Amino acid sequence: MHGIQKIINDLCDQLNYHNIRYYVHDDPSISDSEYDKLLRELQKLESEHPHLVKADSPTQRVGAFPLAEFGSITHRIPMLSLSNAMDAEEIEQFHEQTQKGLGVKKIRYVAEPKLDGLAVELVYENGVFISGSTRGNGEVGEDITHNLKTIKAIPLKLQDGHKIPSLLEVRGEVFISHKDFKSMNEKRLENGEQPFANPRNSAAGSLRQLNPTITATRPLRIFCYAPGTIEGVKFKSQKDFLDTLPKWGFPVNPLIEIGFGVSFLKKYYIHTEEIRNNLDYDIDGVVFKVNSFSHQDELGMRSRSPRWAIAGKLKAQQVTTTILNIEASVGRTGAVTPVAKLHPVNVGGVIVSNATLHNQDEIDRKDVRIGDSVLIQRAGDVIPEVVKVILDKRPKGTHPYKLPEYCPVCNHQVRRAEDEAVARCQNMACPAQIKGRIQHFISKNCMDIDGFGEKLVDQLVEKGHVMSVADIFKITHDQLASLERMGDKSATNVITAIDAAKSTTFARFIHALGIRNVGEHSSKVLQQAFSGSLEKLSNATVKDLTRIYEIGDVMAQCVVDFFADPTNLHLIQSCLDSGISFEKVEKIQASGITGKIFVFTGSLLKFSRKEAHVMVEKLGARASGSVSKKTDYVVAGPGAGSKLDNANLLDIDVLTEEEFLKMMKELESK
Ligand code: IVH
């Protein structure tokens, strides 16, 4: 094989492997930036050798042109719906009917969460992804192949963990997690775009984009749960099928269980109800399926739904209440967000008294007014929101709501840029903005200063002790001790925490500054690109910045604008003068051992353990203290004991110190 082709194949395999670790096993072994480095390496090679690009290359996920309209795909087997059980009693009835239908007492079921996303069908011929479609009317769906290809959790080629069928149809639910939904909407707001109403709508909208490039930017995920037509491989049961899916590279919901009888079903139903609000995605019920495929065939179908399965509906997470008031809250970027103050209601076990109204456009679209009865919904940790107004119940004398023209906190002007949905308070010195900036600065993913609660920030700003993030480092023990609910000891603790946070990383500090559009990940990208030098970053031009992979025009402009402002430069200088220092940045190089895990054992004679760790980390690999299935290499010096035994048991590559050094040398010289 051509040498370059081998490297390309290798990179494809590595990337596909890491994809599956991330999406199927939820156990990534390399960081996002390491993944991106490998991807870039592949992109570079492919652009130099276009004839060597493979159809299942991870670079081929986006690339299709926008469509004028979707084609249609007829499902070989119709995609049915499920009948519903509204409570435990109806679940009992389902079980009794199943027993009767089969003439069997003891029945094994598979219980699955019922995801509230969009059902899709994926078709593979001889292991290669050929086409994918929406459910449509059950018989015919829309051809959304190009959009599905952009979803990294969907394998473009089946892994060979199980025999590859000549034809395989897999059904599953595409969805967006709460966490991703939240950050996606934050980004949209920052960019002045309309936020999406809820995860399901945004997943639906993303799948039905005619331009796959847009779909590719949306954080879509999938869990697979049902077979369509399968030729060439036989399955006995749903469990059998579900166990095989991950071997081919499909993600399967880890909460799926198998068990016997109605007591199992009821237990699962109650338990799911309890954990529902802790899940990072929306579910609207559970699905119970008779496990055995021959039993399923025996029970057969009704006209639209099978007799062998039922959906157990969970209580609605939507309730009605009234809006007592609408308040405008001001965030760290000055964004003025309207918040509905509600007559408190219980939504799925949580008392809700606030709901976001997003922005003026959303208020106008829904015509939300003070005094209105509204339908609200909450989903996990997504902020509760108003779905719609119940117009029949609108009291007399209400008025359309308009956001204030002056900031409710500092009374300065609020302005909305022409192309933005968000209105902002224009006063950088607004106390709400200062508090927001400080809270962001000290938060876990930024400077991570312990013991610094919201109340403390409020007091420090209100007393005028802290007006900028740089002032945090000037707080005195006496100032702290004189505040409400602060004793001598807690004041000392806060000072110690501030001091400790001074030795940090460049990336944390950049993220903490709150430059618009620069989040945690981008800060790490900037750290690598500018080798942790503030001077280099502050002198960078838009052109310099956009040359960096993952830094787009908008972000580049925000960075340049930030450093062009003398106030910001002054702020940074003041932080540095207080003794902030950055750890040295180790250049990560993508290499043949990116993401691999090394364990060092025995007495090492040629290098210290610390030196060994630095060597592998520089090449994008990791060092770990214990040997497990995940270990890739064990480097054993004299006197190695149980770790070496384990490595041999698990069939892990064992290297001597000399072999290890040779490997490092070869990789470094590449
Ligand atoms: S099985 C006949 N399993 O529910 C088998 N469906 O009402 C039907 N859904 O269109 C599909 N999670 O969108 C199945 N674990 C799961 C599911 C699930 C969600 C949705 C799917 C389907 C609808 C049926």
# chains A, B, ... in the order shown; residues from 1 in each chain; ligands from 1
>>> closest_atom_pairs(of="chain A", to="ligand 1", cutoff="9 Å", atoms="only C-alpha atoms and all ligand atoms", output="CSV")
residue,atom,partner,partner_atom_place_in_ligand_line,distance
A:Pro78,CA,ligand 1,2 (C),9.0
A:Met79,CA,ligand 1,2 (C),6.6
A:Leu80,CA,ligand 1,2 (C),4.8
A:Ser81,CA,ligand 1,7 (O),3.9
A:Leu82,CA,ligand 1,7 (O),4.1
A:Ser83,CA,ligand 1,7 (O),7.0
A:Asn84,CA,ligand 1,7 (O),8.2
A:Ala111,CA,ligand 1,15 (N),8.0
A:Glu112,CA,ligand 1,15 (N),4.9
A:Pro113,CA,ligand 1,15 (N),5.5
A:Lys114,CA,ligand 1,12 (N),3.5
A:Leu115,CA,ligand 1,19 (C),4.2
A:Asp116,CA,ligand 1,19 (C),6.1
A:Gly117,CA,ligand 1,13 (O),6.5
A:Leu118,CA,ligand 1,13 (O),5.3
A:Ala119,CA,ligand 1,13 (O),4.0
A:Val120,CA,ligand 1,13 (O),7.6
A:Arg135,CA,ligand 1,10 (O),6.8
A:Gly138,CA,ligand 1,10 (O),8.3
A:Arg171,CA,ligand 1,11 (C),7.7
A:Gly172,CA,ligand 1,17 (C),7.1
A:Glu173,CA,ligand 1,13 (O),5.9
A:Val174,CA,ligand 1,13 (O),8.7
A:Phe223,CA,ligand 1,15 (N),8.2
A:Cys224,CA,ligand 1,15 (N),7.6
A:Tyr225,CA,ligand 1,15 (N),5.3
A:Ala226,CA,ligand 1,1 (S),5.8
A:Pro227,CA,ligand 1,1 (S),9.0
A:Asn253,CA,ligand 1,15 (N),8.2
A:Ile256,CA,ligand 1,15 (N),8.3
A:Ile283,CA,ligand 1,19 (C),7.8
A:Asp284,CA,ligand 1,19 (C),8.2
A:Gly285,CA,ligand 1,12 (N),8.1
A:Val286,CA,ligand 1,15 (N),7.2
A:Val287,CA,ligand 1,15 (N),5.6
A:Phe288,CA,ligand 1,3 (N),8.1
A:Lys289,CA,ligand 1,1 (S),8.0
A:Met301,CA,ligand 1,2 (C),8.9
A:Arg304,CA,ligand 1,2 (C),8.7
A:Ser305,CA,ligand 1,2 (C),6.0
A:Pro306,CA,ligand 1,2 (C),5.6
A:Arg307,CA,ligand 1,2 (C),8.8
A:Trp308,CA,ligand 1,2 (C),8.3
A:Ala309,CA,ligand 1,2 (C),6.8
A:Ile310,CA,ligand 1,2 (C),8.5
A:Ala311,CA,ligand 1,7 (O),7.0
>>> residues_around(residues="A:Glu535", least_positions_apart="4", cutoff="12 Å", atoms="only C-alpha atoms", output="list in words")
Phe506, Gln527, Phe530, Ser531, Asn539, Ala540, Phe563, Leu569, Ile572 and Gln573 of chain A
>>> closest_residue(among="A:Val347, A:Leu534, A:Ala203, A:Val140", to="A:Thr74", atoms="only C-alpha atoms")
A:Val140
>>> residues_around(residues="A:Val62", least_positions_apart="3", cutoff="7 Å", atoms="only C-alpha atoms", output="ChimeraX atom specification")
/A:59,150,212-213,216
>>> write_last_selection(atoms="C-alpha atoms", output="CSV table (one decimal), in the first residue's frame")
chain,number,residue,atom,x,y,z
A,59,THR,CA,-13.6,14.5,7.1
A,150,THR,CA,-22.7,15.3,10.2
A,212,PRO,CA,-25.8,20.3,6.0
A,213,THR,CA,-23.0,22.8,6.9
A,216,ALA,CA,-22.9,20.2,11.4
>>> select_by_dssp(residues="stretch 395-599 of chain A", states="helix (DSSP H, G or I)", output="ChimeraX atom specification")
/A:431-442,454-462,469-474,477-481,488-501,506-513,520-529,534-539,542-546,553-564,566-577
>>> closest_residue(among="A:Ser294, A:Gln159, A:Ser669, A:Ser443", to="A:Ile20", atoms="only C-alpha atoms")
A:Gln159
